[in-house]
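Peer 1: Below: one structure in structure tokens.
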Amino acid sequence: MNNTTDSPRIAVIPVAGRGTRWLPITRTVPKELLPVWKRTSASYAFEEAVNAGCNEIIFVISPDKEEVLHHFLQFDSSDLGPRYSQESFESLHTRVTIKSCIQHEPKGLGHAILCARNDVGDRPFSVLLPDEVLMQNGLKRIQAFTPAILLMEVPYAQRRNYGIVKASQQDSIKQDVFLIEDMIEKPEPPLAPSSLAITGRYTFTHEIFDELERQTPGLNGEIQLTDAMKRYNQHHPMHGILFHGKRHDVGQPLGLVTASLDFALKDPAVSQALRAYLTQLIQDTPSA
Ligand code: UTP
């Protein structure tokens, strides 16, 4: 197992997907720039990577999503959390290099990661899916276990929406640390090997790129990251680390609302007024 000194310092953030669940908005506005409370949805993954010690962030963009890159090249201190004062923000700019590479067609998440191969080279790296806003730093949890996946428990019926792993607990003391034995993308619930779902936080060594190169299209005709990880895992055993924090799926409308509420209720400037409004709203609104 690697120790923290070998932790990846490069993060790949893919933002080249179609965003069909956000149509019609995504015909003109990338979903990564939709607001979650006061910031863009993708800025949370960016901040998570920076706070986990990454000093190089590579955005995989599509040709029509250059504004996502511009947003990050031009962000200022108010685009990040309160811990970034103007001063620390300036030091962040000198510490973090932002790069991009193009995925010309949305051929799937696995293909998007492969597009970053030249920039990553042979260094270990992290992947963060910006559709997932975590209320605690999930990347930090997995970095010391590279290669690793952040896992979460999901209810039975929801297993069909995730990659699900078969995994064994490493020892009775570290109950949140698993060794991955197998994984299956979006199984019907009776076929799911466990209740442990893959979240959008991963760390890899560069050998994953060889598996992605070999990968043929799978579910929905896309190059699936999970399919390549299955083979990678046979030679580079992956750890799964259970996440106990809260996660919002902002790739779809309900998640964007719950994430915004979560942040707004923690914002002293509005929390009291919002709480009062929500209490009244719930009383006055008959359930649909
Ligand atoms: P999703 O499948 O959740 O996003 O991919 P999507 O395809 O954009 O959205 P829907 O399902 O059509 O609504 C997870 C992440 O992988 C990126 C997406 O941008 C998102 O951040 N992705 C996906 C790519 O960069 N390229 C792809 O070909 C597919």
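Letters for chains follow the order of the structure tokens (A, B, ...), residue numbers begin at 1 for each chain, and ligand numbers begin at 1 in the order shown.
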Could you go through segment 3-147 of chain A and tell me which residues DSSP, when run on the backbone, assigns to strand (DSSP E), listing them as a ChimeraX atom specification?

Peer 2: /A:10-14,35-36,39-40,56-61,97-102,125-128,132-134

Peer 1: Would you mind listing what lies within 8 Å of segment 37-41 of chain A as a list in words, with only C-alpha atoms counted and same-chain residues fewer than 3 positions away left out?

Peer 2: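 Near neighbours after the sequence-gap exclusion: Lys31, Glu32, Leu33, Leu34, Tyr44, Asp79, Leu80, Pro130, Asp131, Val133, Val250, Ala259, Ser260, Leu261, Phe263 and Ala264 of chain A.
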
Peer 1: May I ask you to write as a ChimeraX atom specification all residues lying at most 7 Å from ligand 1, with only C-alpha atoms and all ligand atoms counted?

Peer 2: /A:14-22,60-61,103,105-109,111-112,129-131,251-252

Peer 1: Restricting the calculation to only C-alpha atoms: of A:Gln283, A:Thr26, A:Gln215, A:Asn220, which residue gets closest to Leu114 of chain A?

Peer 2: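 Going through A:Gln283, A:Thr26, A:Gln215, A:Asn220 one by one, the smallest distance to Leu114 of chain A is for A:Gln215.
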
Peer 1: With distances taken over only C-alpha atoms, which of A:Ile164, A:Ala273, A:Leu219, A:Ile149 is nearest to Leu128 of chain A?

Peer 2: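 Ranked by minimum distance to Leu128 of chain A, first place goes to A:Ile149.
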
Peer 1: Please indicate the distance in Å from atom CA of Val120 of chain A to atom CA of Leu150 of chain A, rounded to one decimal place.

Peer 2: 20.9 Å

Peer 1: Give the alpha helix (DSSP H) residues of segment 10-189 of chain A, as DSSP finds them on the backbone, and put them as JSON, numbers by chain.

Peer 2: {"A": [41, 42, 43, 44, 45, 46, 47, 48, 49, 50, 51, 66, 67, 68, 69, 70, 71, 72, 73, 86, 87, 88, 89, 90, 91, 92, 93, 94, 95, 109, 110, 111, 112, 113, 114, 117, 118, 119, 120, 138, 139, 140, 141, 142, 143]}

Peer 1: Using only C-alpha atoms, find the one residue out of A:Pro253, A:Gln272, A:Phe59, A:His244 that sits nearest to Leu23 of chain A.

Peer 2: A:Pro253

Peer 1: Calculate how many Å separate atom CA of Ala45 of chain A from atom CA of Glu132 of chain A, rounding to one decimal.

Peer 2: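 Going from atom CA of Ala45 of chain A over to atom CA of Glu132 of chain A covers 7.6 Å.
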
Peer 1: Residues near Glu48 of chain A, anyone? I mean within 9 Å using only C-alpha atoms, not counting same-chain ones fewer than 2 positions away, as a VMD selection string.

Peer 2: chain A and resid 43 to 46 50 to 54 128 134 136 to 140

Peer 1: Let me make sure I understand: among A:Leu196, A:Gln234, A:Gly110, A:Ala49, which one has the smallest atom-to-atom distance to Asp176 of chain A if we use only C-alpha atoms?

Peer 2: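 That would be A:Leu196, the residue with the smallest distance to Asp176 of chain A.
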
Peer 1: From the set A:Ala197, A:Ile13, A:Ile98, A:Leu179, which residue has the shortest atom-to-atom contact distance to Phe243 of chain A, counting only C-alpha atoms?

Peer 2: A:Ala197

Peer 1: Out of A:Met229, A:Val36, A:Val165, A:Val127, which residue has the shortest atom-to-atom distance to Val257 of chain A when counting only C-alpha atoms?

Peer 2: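 Checking each of A:Met229, A:Val36, A:Val165, A:Val127 against Val257 of chain A, counting only C-alpha atoms, the winner is A:Val36.
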